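Structure file work14.txt with compact mmCIF, C-alpha atoms:
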```
# COMPACT_ATOMS: atom_id res chain seq x y z
CA MET A 277 20.61 -27.57 -4.25
CA ALA A 278 23.32 -26.78 -6.72
CA SER A 279 20.87 -26.05 -9.54
CA LEU A 280 19.42 -23.11 -7.63
CA PRO A 281 22.08 -21.58 -5.41
CA ALA A 282 20.42 -18.22 -4.79
CA GLY A 283 16.91 -17.49 -3.61
CA THR A 284 14.05 -17.52 -6.09
CA LEU A 285 13.09 -14.48 -8.12
CA TYR A 286 10.07 -12.76 -6.59
CA ARG A 287 7.03 -13.64 -8.66
CA GLY A 288 5.43 -10.23 -8.80
CA LYS A 289 2.62 -9.51 -11.22
CA VAL A 290 1.94 -6.80 -13.81
CA GLY A 291 2.57 -4.02 -11.26
CA MET A 292 6.10 -5.19 -10.49
CA TRP A 293 7.19 -5.99 -14.03
CA SER A 294 5.75 -2.75 -15.41
CA TRP A 295 7.88 -0.95 -12.81
CA VAL A 296 10.99 -2.95 -13.78
CA LEU A 297 10.45 -2.08 -17.44
CA HIS A 298 9.76 1.55 -16.52
CA ARG A 299 13.09 1.73 -14.68
CA ILE A 300 15.05 0.04 -17.49
CA THR A 301 13.57 2.29 -20.20
CA GLY A 302 14.10 5.30 -17.93
CA VAL A 303 17.81 4.58 -17.50
CA ALA A 304 18.18 3.88 -21.24
CA ILE A 305 16.49 7.19 -22.12
CA PHE A 306 18.73 8.98 -19.61
CA PHE A 307 21.86 7.70 -21.37
CA PHE A 308 20.45 8.69 -24.74
CA LEU A 309 19.72 12.21 -23.46
CA LEU A 310 23.24 12.44 -22.06
CA VAL A 311 24.76 11.66 -25.47
CA HIS A 312 22.16 13.80 -27.21
CA VAL A 313 22.94 16.87 -25.09
CA LEU A 314 26.67 16.36 -25.67
CA ASP A 315 26.44 16.00 -29.45
CA THR A 316 24.02 18.92 -29.77
CA ALA A 317 26.29 21.09 -27.61
CA LEU A 318 29.07 20.31 -30.08
CA VAL A 319 27.44 22.59 -32.68
CA ARG A 320 28.46 25.64 -30.61
CA LEU A 321 32.08 24.51 -30.50
CA SER A 322 32.46 23.51 -34.13
CA PRO A 323 29.73 22.99 -36.75
CA GLU A 324 32.08 20.75 -38.77
CA ALA A 325 32.65 18.45 -35.82
CA TYR A 326 28.90 18.39 -35.20
CA ASN A 327 28.22 17.36 -38.82
CA ALA A 328 30.91 14.69 -38.61
CA VAL A 329 29.35 13.20 -35.48
CA ILE A 330 25.81 13.31 -36.88
CA ASN A 331 26.99 11.60 -40.08
CA THR A 332 28.33 8.67 -38.05
CA TYR A 333 24.76 8.17 -36.81
CA LYS A 334 23.46 7.50 -40.31
CA THR A 335 24.15 3.78 -40.24
CA PRO A 336 21.68 0.86 -40.12
CA LEU A 337 22.91 -0.08 -36.64
CA ILE A 338 22.05 3.33 -35.18
CA GLY A 339 18.83 3.27 -37.22
CA VAL A 340 17.71 0.11 -35.48
CA ALA A 341 18.85 1.51 -32.13
CA GLU A 342 16.63 4.55 -32.82
CA LEU A 343 13.73 2.17 -33.21
CA GLY A 344 14.53 0.83 -29.74
CA LEU A 345 14.71 4.38 -28.43
CA VAL A 346 11.26 5.17 -29.79
CA ALA A 347 9.88 1.98 -28.23
CA ALA A 348 11.45 2.88 -24.86
CA ILE A 349 10.11 6.45 -24.95
CA LEU A 350 6.64 5.28 -25.97
CA TYR A 351 6.44 2.82 -23.08
CA HIS A 352 7.99 5.18 -20.54
CA ALA A 353 5.73 8.07 -21.48
CA LEU A 354 2.49 6.09 -21.55
CA ASN A 355 3.27 4.09 -18.42
CA GLY A 356 4.16 7.39 -16.75
CA LEU A 357 0.60 8.53 -17.44
CA ARG A 358 -0.62 5.26 -15.93
CA ILE A 359 1.39 5.90 -12.76
CA ILE A 360 0.01 9.46 -12.55
CA ALA A 361 -3.48 7.97 -12.86
CA ILE A 362 -2.73 5.48 -10.06
CA ASP A 363 -1.61 8.33 -7.78
CA PHE A 364 -4.20 10.96 -8.69
CA TRP A 365 -7.28 9.24 -10.09
CA ARG A 366 -9.66 7.77 -7.51
CA LYS A 367 -10.13 4.55 -9.42
CA GLY A 368 -6.55 4.36 -10.68
CA VAL A 369 -5.57 1.64 -8.21
CA LYS A 370 -8.55 -0.47 -9.19
CA TYR A 371 -7.80 -0.29 -12.91
CA GLN A 372 -3.99 -0.39 -12.81
CA ASN A 373 -3.87 -3.83 -14.39
CA VAL A 374 -6.16 -3.03 -17.32
CA MET A 375 -4.42 0.34 -17.73
CA PHE A 376 -1.12 -1.47 -18.18
CA TRP A 377 -2.51 -3.47 -21.09
CA ILE A 378 -3.99 -0.29 -22.59
CA VAL A 379 -0.50 1.25 -22.36
CA VAL A 380 0.99 -1.76 -24.11
CA ALA A 381 -1.71 -1.69 -26.81
CA ILE A 382 -1.30 2.04 -27.54
CA ALA A 383 2.51 1.82 -27.48
CA PHE A 384 2.43 -1.15 -29.81
CA GLY A 385 -0.03 0.59 -32.16
CA ILE A 386 2.09 3.73 -32.49
CA PHE A 387 5.24 1.65 -32.83
CA ALA A 388 3.70 -0.45 -35.60
CA ALA A 389 2.80 2.74 -37.48
CA PHE A 390 6.23 4.28 -36.96
CA ALA A 391 8.54 1.31 -37.57
CA PRO A 392 7.92 0.75 -41.34
CA ARG A 393 8.32 4.46 -42.14
CA HIS A 394 11.48 4.71 -40.10
CA LEU A 395 13.01 1.55 -41.56
CA MET A 396 12.25 2.86 -45.06
CA HIS A 397 14.33 5.94 -44.23
CA VAL A 398 17.13 3.89 -42.75
CA PHE A 399 17.39 1.27 -45.48
CA GLY A 400 15.77 3.20 -48.35
CA MET B 145 -22.79 -61.91 5.02
CA ALA B 146 -19.78 -62.70 7.04
CA THR B 147 -17.57 -60.20 5.36
CA ALA B 148 -20.06 -57.33 5.64
CA VAL B 149 -18.72 -56.08 8.95
CA ALA B 150 -15.17 -56.04 7.72
CA THR B 151 -16.10 -54.25 4.50
CA LYS B 152 -18.21 -51.80 6.40
CA GLY B 153 -15.29 -50.94 8.67
CA ASN B 154 -13.18 -50.47 5.63
CA GLU B 155 -15.81 -48.25 4.05
CA PHE B 156 -15.90 -46.04 7.12
CA GLU B 157 -12.17 -45.66 6.89
CA GLN B 158 -12.52 -44.82 3.21
CA MET B 159 -15.19 -42.24 3.91
CA GLY B 160 -13.11 -40.41 6.47
CA ALA B 161 -9.94 -40.70 4.46
CA VAL B 162 -8.54 -37.57 2.90
CA PRO B 163 -6.49 -38.20 -0.23
CA THR B 164 -2.78 -38.08 0.40
CA PHE B 165 0.02 -37.31 -2.00
CA GLN B 166 3.74 -36.81 -1.88
CA VAL B 167 5.28 -33.41 -2.40
CA THR B 168 8.85 -32.18 -2.46
CA LEU B 169 9.67 -29.10 -0.43
CA PHE B 170 12.82 -27.09 -1.09
CA VAL B 171 13.46 -25.22 2.11
CA ARG B 172 16.03 -22.42 2.36
CA ARG B 173 18.31 -23.36 5.25
CA PHE B 174 20.73 -21.11 7.10
CA ASN B 175 22.51 -21.76 10.35
CA PRO B 176 24.61 -18.86 11.65
CA GLU B 177 26.71 -21.30 13.71
CA ASP B 178 27.91 -23.71 11.01
CA GLY B 179 29.76 -21.06 8.98
CA GLN B 180 28.06 -22.11 5.74
CA GLU B 181 26.15 -20.02 3.26
CA ALA B 182 22.37 -20.27 2.99
CA ARG B 183 21.42 -23.29 0.89
CA TRP B 184 18.41 -25.26 -0.34
CA GLU B 185 17.51 -28.56 1.29
CA ASP B 186 14.86 -30.85 -0.13
CA PHE B 187 12.36 -32.94 1.82
CA ASP B 188 9.85 -35.45 0.45
CA VAL B 189 6.71 -35.23 2.55
CA GLN B 190 3.50 -37.25 2.48
CA VAL B 191 0.67 -34.76 2.94
CA HIS B 192 -3.12 -34.76 3.00
CA GLY B 193 -5.33 -32.81 0.64
CA THR B 194 -6.34 -30.63 3.58
CA ASP B 195 -2.79 -29.79 4.64
CA ARG B 196 -1.25 -26.38 4.46
CA VAL B 197 2.40 -25.54 3.90
CA LEU B 198 2.67 -25.07 7.67
CA ASP B 199 1.56 -28.69 8.21
CA ALA B 200 4.28 -29.88 5.86
CA LEU B 201 6.87 -27.81 7.74
CA HIS B 202 5.60 -29.31 11.02
CA LYS B 203 5.95 -32.78 9.56
CA ILE B 204 9.54 -32.04 8.58
CA LYS B 205 10.35 -30.57 11.98
CA TRP B 206 8.61 -33.25 14.04
CA GLU B 207 9.46 -36.35 12.01
CA MET B 208 12.46 -35.64 9.77
CA ASP B 209 14.71 -32.81 10.92
CA GLY B 210 14.13 -31.21 14.31
CA SER B 211 16.63 -28.46 13.58
CA LEU B 212 14.33 -26.79 11.03
CA THR B 213 13.51 -23.37 12.47
CA PHE B 214 10.49 -21.24 11.70
CA ARG B 215 8.00 -19.05 13.54
CA ARG B 216 4.36 -19.88 14.03
CA SER B 217 1.92 -19.34 16.81
CA CYS B 218 -1.83 -19.49 16.23
CA ALA B 219 -1.49 -21.40 12.93
CA HIS B 220 -4.80 -19.97 11.73
CA GLY B 221 -3.94 -16.75 9.95
CA VAL B 222 -4.50 -14.41 12.87
CA CYS B 223 -1.17 -13.90 14.65
CA GLY B 224 0.90 -13.20 11.55
CA SER B 225 3.99 -15.15 12.67
CA ASP B 226 4.55 -17.44 9.70
CA ALA B 227 4.90 -15.12 6.73
CA MET B 228 7.37 -16.67 4.30
CA ARG B 229 8.11 -16.72 0.60
CA ILE B 230 6.29 -19.70 -0.89
CA ASN B 231 7.00 -20.39 -4.56
CA GLY B 232 8.35 -16.89 -4.97
CA ARG B 233 5.48 -15.04 -3.33
CA ASN B 234 4.98 -13.84 0.23
CA ARG B 235 2.27 -15.88 1.90
CA LEU B 236 1.27 -17.10 5.35
CA ALA B 237 2.28 -20.78 5.55
CA CYS B 238 -0.87 -21.44 7.62
CA LYS B 239 -3.18 -20.00 4.94
CA THR B 240 -1.61 -21.67 1.90
CA LEU B 241 -3.15 -25.03 1.02
CA ILE B 242 -0.64 -27.34 -0.61
CA LYS B 243 -3.23 -28.65 -3.06
CA ASP B 244 -3.62 -25.10 -4.41
CA LEU B 245 0.05 -25.03 -5.40
CA ASP B 246 1.50 -26.85 -8.40
CA ILE B 247 2.39 -30.10 -6.64
CA THR B 248 3.97 -31.66 -9.73
CA GLN B 249 6.82 -29.23 -9.07
CA PRO B 250 8.80 -28.82 -5.84
CA ILE B 251 7.48 -26.18 -3.45
CA TYR B 252 10.06 -23.53 -2.60
CA VAL B 253 9.93 -22.10 0.90
CA GLU B 254 12.21 -19.19 1.80
CA PRO B 255 12.41 -16.53 4.51
CA ILE B 256 10.84 -13.17 3.64
CA LYS B 257 13.27 -10.83 1.90
CA GLY B 258 14.84 -7.58 3.06
CA LEU B 259 15.22 -8.44 6.75
CA ASN B 260 18.29 -10.24 8.09
CA VAL B 261 17.90 -14.00 8.33
CA GLU B 262 18.63 -15.28 11.84
CA LYS B 263 18.11 -18.97 11.20
CA ASP B 264 16.37 -20.91 8.42
CA LEU B 265 13.00 -19.15 7.98
CA VAL B 266 13.34 -16.81 10.96
CA VAL B 267 14.23 -13.18 10.24
CA ASP B 268 15.03 -10.21 12.48
CA MET B 269 11.71 -8.34 12.67
CA ASN B 270 13.05 -5.41 14.74
CA PRO B 271 13.55 -2.93 11.83
CA PHE B 272 10.00 -3.75 10.76
CA TYR B 273 8.57 -3.11 14.24
CA GLN B 274 10.64 0.07 14.58
CA ALA B 275 9.04 1.54 11.42
CA TYR B 276 5.66 0.62 12.92
CA LYS B 277 6.50 2.36 16.22
CA ASP B 278 7.75 5.45 14.37
CA ILE B 279 4.32 6.30 12.95
CA ASN B 280 2.70 6.48 16.44
CA PRO B 281 0.35 3.50 16.14
CA PHE B 282 -2.02 4.57 18.90
CA LEU B 283 -4.99 6.89 19.32
CA ILE B 284 -4.02 10.51 19.91
CA ALA B 285 -6.98 12.36 21.42
CA SER B 286 -7.15 15.30 23.81
CA ASP B 287 -10.74 14.87 24.96
CA LYS B 288 -11.60 12.68 27.95
CA PRO B 289 -15.09 11.38 27.28
CA ALA B 290 -16.98 9.56 30.03
CA LYS B 291 -18.37 7.12 27.45
CA GLU B 292 -17.04 5.76 24.17
CA ARG B 293 -16.17 8.11 21.29
CA LEU B 294 -18.97 7.87 18.76
CA GLN B 295 -18.37 7.41 15.05
CA SER B 296 -20.70 6.97 12.10
CA ALA B 297 -20.52 3.99 9.76
CA GLU B 298 -19.35 6.29 6.94
CA GLN B 299 -16.57 7.68 9.09
CA HIS B 300 -15.49 4.17 10.00
CA SER B 301 -15.57 2.90 6.42
CA LYS B 302 -12.74 5.31 5.51
CA PHE B 303 -10.19 3.26 7.42
CA GLU B 304 -11.92 -0.07 8.03
CA ASP B 305 -9.73 -1.86 5.48
CA THR B 306 -6.48 -0.91 7.23
CA THR B 307 -7.67 -2.05 10.68
CA LYS B 308 -7.29 -5.65 9.46
CA CYS B 309 -3.46 -5.61 9.53
CA ILE B 310 -1.81 -8.38 11.58
CA LEU B 311 1.77 -7.11 11.19
CA CYS B 312 3.03 -10.25 9.49
CA ALA B 313 5.44 -8.24 7.29
CA ALA B 314 4.38 -10.04 4.09
CA CYS B 315 3.70 -6.68 2.38
CA THR B 316 6.81 -4.82 3.49
CA THR B 317 9.11 -7.67 2.50
CA SER B 318 7.45 -8.06 -0.92
CA CYS B 319 8.35 -4.46 -1.78
CA PRO B 320 11.29 -4.06 -4.22
CA VAL B 321 11.97 -0.61 -2.75
CA PHE B 322 12.27 -2.07 0.76
CA TRP B 323 14.67 -4.80 -0.44
CA THR B 324 17.19 -2.19 -1.59
CA ASP B 325 16.39 0.53 0.96
CA GLY B 326 15.80 -0.82 4.46
CA GLN B 327 15.23 2.75 5.70
CA TYR B 328 11.93 2.98 3.80
CA PHE B 329 9.00 2.90 6.23
CA GLY B 330 7.41 0.16 4.15
CA PRO B 331 3.78 -0.68 3.34
CA ALA B 332 2.86 -2.09 6.77
CA ALA B 333 3.88 1.07 8.67
CA ILE B 334 1.99 3.24 6.16
CA VAL B 335 -1.10 1.00 6.42
CA ASN B 336 -1.09 1.39 10.21
CA ALA B 337 -0.58 5.15 9.90
CA HIS B 338 -3.54 5.21 7.49
CA ARG B 339 -5.64 3.43 10.11
CA PHE B 340 -5.26 6.44 12.47
CA ILE B 341 -4.89 9.27 9.93
CA PHE B 342 -8.38 8.62 8.57
CA ASP B 343 -9.95 7.89 11.98
CA SER B 344 -12.36 10.74 12.88
CA ARG B 345 -11.63 10.20 16.60
CA ASP B 346 -7.90 10.74 16.18
CA GLU B 347 -6.18 14.15 16.36
CA GLY B 348 -2.64 13.14 15.39
CA ALA B 349 -3.08 13.01 11.63
CA GLU B 350 -0.83 16.03 11.00
CA VAL B 351 2.02 14.51 12.98
CA ARG B 352 1.77 11.22 11.09
CA LEU B 353 1.44 12.89 7.70
CA ASP B 354 4.54 14.93 8.53
CA ILE B 355 6.45 11.75 9.47
CA LEU B 356 5.46 10.05 6.21
CA ASN B 357 6.21 13.15 4.08
CA ASP B 358 9.85 12.15 4.47
CA LYS B 359 12.43 11.07 1.91
CA GLU B 360 11.92 7.53 3.25
CA GLY B 361 8.16 7.96 3.57
CA VAL B 362 5.27 7.41 1.16
CA TRP B 363 7.12 8.98 -1.80
CA ARG B 364 9.40 5.93 -1.96
CA CYS B 365 6.37 3.90 -3.11
CA ARG B 366 6.65 2.91 -6.76
CA THR B 367 3.17 1.32 -6.98
CA THR B 368 4.39 -2.19 -7.87
CA PHE B 369 1.30 -3.69 -6.15
CA ASN B 370 3.40 -6.54 -4.71
CA CYS B 371 2.16 -5.56 -1.25
CA THR B 372 -1.50 -5.70 -2.25
CA ASP B 373 -0.95 -9.15 -3.75
CA ALA B 374 0.98 -10.40 -0.70
CA CYS B 375 -1.40 -9.25 2.05
CA PRO B 376 -2.99 -12.35 3.67
CA ARG B 377 -5.84 -10.18 5.00
CA GLY B 378 -6.72 -8.81 1.57
CA ILE B 379 -5.94 -5.19 2.50
CA GLU B 380 -5.66 -2.94 -0.53
CA VAL B 381 -2.25 -1.73 0.58
CA THR B 382 -1.26 0.26 -2.51
CA LYS B 383 -4.61 2.04 -2.40
CA ALA B 384 -4.06 2.96 1.27
CA ILE B 385 -0.60 4.34 0.41
CA ALA B 386 -2.10 6.36 -2.47
CA GLU B 387 -4.68 7.81 -0.05
CA VAL B 388 -1.93 8.85 2.36
CA LYS B 389 -0.04 10.49 -0.54
CA GLN B 390 -3.20 12.44 -1.38
CA ALA B 391 -3.70 13.43 2.27
CA ILE B 392 -0.14 14.78 2.44
CA LEU B 393 -0.73 16.87 -0.71
CA ARG B 394 -3.99 18.21 0.79
CA GLY B 395 -2.34 18.78 4.16
CA LYS B 396 -5.22 17.02 5.95
CA PRO B 397 -6.92 13.59 5.92
```

Could the structure of this file be written out as structure tokens, please?
Amino acid sequence: MASLPAGTLYRGKVGMWSWVLHRITGVAIFFFLLVHVLDTALVRLSPEAYNAVINTYKTPLIGVAELGLVAAILYHALNGLRIIAIDFWRKGVKYQNVMFWIVVAIAFGIFAAFAPRHLMHVFG
Amino acid sequence: MATAVATKGNEFEQMGAVPTFQVTLFVRRFNPEDGQEARWEDFDVQVHGTDRVLDALHKIKWEMDGSLTFRRSCAHGVCGSDAMRINGRNRLACKTLIKDLDITQPIYVEPIKGLNVEKDLVVDMNPFYQAYKDINPFLIASDKPAKERLQSAEQHSKFEDTTKCILCAACTTSCPVFWTDGQYFGPAAIVNAHRFIFDSRDEGAEVRLDILNDKEGVWRCRTTFNCTDACPRGIEVTKAIAEVKQAILRGKP
């Protein structure tokens, strides 16, 4: 059928999609760290160049991107704890589903507390 | 009443009648000899409320298109031949009642993923069986008892869950890691290793733990729980893999 040329997407549940999100946020954080290490290393070469680079970050666009970074780190860190619990806690496998929603709730709570303050800095 | 007999006959027919309905099946077709890519083909099938996906596939093969190719043997969820991807999830066609699916939508039936498709719904199971062979799926014991080897109920309960495996490959081919890395032992091989590692009568646990402490062993598991969801025997596959991980860290079962 032309409308669906490839195979269907596997309909995994919470376990699979939490892993997909974990991988995406992990790769995103890796690229941030790469840039972060490079721009911080710049201060040893030339403090002026470092200041110039850091000043280019003080734009609303980067400010919003920082919000995304915080969201990614929050999820990745908390879900990482969930995965550790699955591997090392006896009942981790049994409660993996409910633990995922706890991760989401905590991440969302911290994000909701952080976002207004951060946006005030960016746009204030 | 003259018509009573006729009505009665009709009533008997009604009583025995199982409701029928029409469903559309989209079946993934592939023929290595026609030079074409894999494609979807749709079939409208009249099925009973008691029919399973396997019955619908039989109806297609026997009445509509004899070239449709799939594996099945016992047709009752024991032999593990007819694992396939039904509406995006790995299931046994013989254990999936059509009425339990959303029949207002077409039902998608595909071969299991990660193994080479040979024709239509038939895949090459050899890499899957090889991983199974590699974990030594047999009792390793040095003693030669005259009678049976005794075991307590508690000792048996440690691995009872993993004895239920029928090697249908639904778990291994639901694993995102296995899709991209065919070298990974896969859930089924680890489940069958678990069955002997935690058996008090077996002496080969160290060998098996060593085999699975490989780059392509249990550490490839990303705990997506697709395998646990896919298992037609209800084995807690991810839990079994976690127990093997723990056993490797301890160095003993």

Gly344 in chain A: which residues within 10 Å, counting all atoms listed in the file, same-chain residues fewer than 3 positions away excluded, as a PDB file with C-alpha atoms, keeping the file's coordinate frame?
```pdb
ATOM      1  CA  THR A 301      13.570   2.290 -20.200  1.00  0.00           C
ATOM      2  CA  ALA A 304      18.180   3.880 -21.240  1.00  0.00           C
ATOM      3  CA  ILE A 338      22.050   3.330 -35.180  1.00  0.00           C
ATOM      4  CA  GLY A 339      18.830   3.270 -37.220  1.00  0.00           C
ATOM      5  CA  VAL A 340      17.710   0.110 -35.480  1.00  0.00           C
ATOM      6  CA  ALA A 341      18.850   1.510 -32.130  1.00  0.00           C
ATOM      7  CA  ALA A 347       9.880   1.980 -28.230  1.00  0.00           C
ATOM      8  CA  ALA A 348      11.450   2.880 -24.860  1.00  0.00           C
ATOM      9  CA  ILE A 349      10.110   6.450 -24.950  1.00  0.00           C
ATOM     10  CA  LEU A 350       6.640   5.280 -25.970  1.00  0.00           C
ATOM     11  CA  PHE A 387       5.240   1.650 -32.830  1.00  0.00           C
ATOM     12  CA  ALA A 391       8.540   1.310 -37.570  1.00  0.00           C
TER      13      ALA A 391
END
```

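Considering all atoms listed in the file, the residue among A:Ala282, A:Ile305, A:Val374, A:Val379 positioned nearest to Asn355 in chain A is A:Val379.
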
Once you count all atoms listed in the file, which residues end up no further than 8 Å from (-1.8, 3.5, -5.6) in the file's frame, shown as a compact mmCIF listing (two decimals) with C-alpha atoms, keeping the file's coordinate frame?
```
# COMPACT_ATOMS: atom_id res chain seq x y z
CA ILE A 362 -2.73 5.48 -10.06
CA ASP A 363 -1.61 8.33 -7.78
CA GLY A 368 -6.55 4.36 -10.68
CA VAL A 369 -5.57 1.64 -8.21
CA THR B 367 3.17 1.32 -6.98
CA PHE B 369 1.30 -3.69 -6.15
CA THR B 382 -1.26 0.26 -2.51
CA LYS B 383 -4.61 2.04 -2.40
CA ALA B 384 -4.06 2.96 1.27
CA ILE B 385 -0.60 4.34 0.41
CA ALA B 386 -2.10 6.36 -2.47
CA GLU B 387 -4.68 7.81 -0.05
```

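Distances from A:Leu318, A:Leu395, A:Ile382, A:Ile330 to Glu342 in chain A were compared using only C-alpha atoms, and the smallest one belongs to A:Leu395.
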
Hey, which bits of chain A sit within 9 Å of chain B, and for each residue what's the closest pair of atoms and how far apart in Å (one decimal), counting all atoms listed in the file, rows by chain and increasing number, as a Markdown table?
```
| residue | atom | partner | partner_atom | distance |
| --- | --- | --- | --- | --- |
| A:Met277 | CA | B:Trp184 | CA | 5.0 |
| A:Ala278 | CA | B:Trp184 | CA | 8.2 |
| A:Leu280 | CA | B:Trp184 | CA | 7.7 |
| A:Pro281 | CA | B:Arg183 | CA | 6.6 |
| A:Ala282 | CA | B:Arg183 | CA | 7.7 |
| A:Gly283 | CA | B:Glu254 | CA | 7.4 |
| A:Thr284 | CA | B:Gly232 | CA | 5.8 |
| A:Leu285 | CA | B:Gly232 | CA | 6.2 |
| A:Tyr286 | CA | B:Gly232 | CA | 4.8 |
| A:Arg287 | CA | B:Gly232 | CA | 5.1 |
| A:Gly288 | CA | B:Asn370 | CA | 5.9 |
| A:Lys289 | CA | B:Asn370 | CA | 7.2 |
| A:Val290 | CA | B:Thr368 | CA | 7.9 |
| A:Gly291 | CA | B:Thr368 | CA | 4.3 |
| A:Met292 | CA | B:Thr368 | CA | 4.3 |
| A:Trp293 | CA | B:Thr368 | CA | 7.8 |
| A:Ser294 | CA | B:Thr368 | CA | 7.7 |
| A:Trp295 | CA | B:Thr368 | CA | 6.2 |
| A:Val296 | CA | B:Thr368 | CA | 8.9 |
| A:Ile359 | CA | B:Thr367 | CA | 7.6 |
| A:Ile362 | CA | B:Ala386 | CA | 7.7 |
| A:Asp363 | CA | B:Ala386 | CA | 5.7 |
| A:Phe364 | CA | B:Gln390 | CA | 7.5 |
| A:Arg366 | CA | B:Glu387 | CA | 9.0 |
| A:Gly368 | CA | B:Lys383 | CA | 8.8 |
| A:Val369 | CA | B:Lys383 | CA | 5.9 |
| A:Lys370 | CA | B:Lys383 | CA | 8.2 |
```

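Using only C-alpha atoms for every distance, the candidate list B:Pro250, B:Gly348, B:Gly193, B:Pro376 yields B:Gly348 as the residue closest to Phe282 in chain B.
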
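Reported to one decimal place, the separation of CA of Lys359 in chain B from CA of Ile360 in chain A is 19.1 Å.
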
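Note that CA of Thr307 in chain B and CA of Arg196 in chain B are 25.9 Å apart.
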
## Note on the structure
The residue from B:Gln274, B:Asp346, B:Cys312, B:Asp178 with the smallest atom-to-atom distance to Met228 in chain B, counting all atoms listed in the file, is B:Cys312

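Using all atoms listed in the file for every distance, the candidate list B:Val267, B:Thr248, B:Pro397, B:Leu311 yields B:Leu311 as the residue closest to Gly221 in chain B.
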
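Closest approach to Phe306 in chain A among A:Glu324, A:His352, A:Tyr371, A:Thr332 is made by A:His352 (distances from all atoms listed in the file).
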
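For the pair CA of Ala381 in chain A and CA of Lys367 in chain A, the interatomic distance is 20.3 Å.
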
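Near Lys277 in chain B, within 10 Å and counting all atoms listed in the file, sit B:Pro271, B:Ala333, B:Asn336, B:Ala337; same-chain residues fewer than 6 positions away were not included.
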
Would you kindly return, as an mmCIF file with C-alpha atoms, in the frame of the given file, each protein, DNA or RNA residue with an atom no farther than 9 Å from any atom of Ala275 in chain B, considering all atoms listed in the file and excluding same-chain residues fewer than 4 positions away?
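What landed in part.cif:
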```
data_model
loop_
_atom_site.group_PDB
_atom_site.id
_atom_site.type_symbol
_atom_site.label_atom_id
_atom_site.label_comp_id
_atom_site.auth_asym_id
_atom_site.auth_seq_id
_atom_site.Cartn_x
_atom_site.Cartn_y
_atom_site.Cartn_z
ATOM 1 C CA ASN B 270 13.050 -5.410 14.740
ATOM 2 C CA PRO B 271 13.550 -2.930 11.830
ATOM 3 C CA ILE B 279 4.320 6.300 12.950
ATOM 4 C CA GLN B 327 15.230 2.750 5.700
ATOM 5 C CA TYR B 328 11.930 2.980 3.800
ATOM 6 C CA PHE B 329 9.000 2.900 6.230
ATOM 7 C CA GLY B 330 7.410 0.160 4.150
ATOM 8 C CA ALA B 332 2.860 -2.090 6.770
ATOM 9 C CA ALA B 333 3.880 1.070 8.670
ATOM 10 C CA ILE B 334 1.990 3.240 6.160
#
```
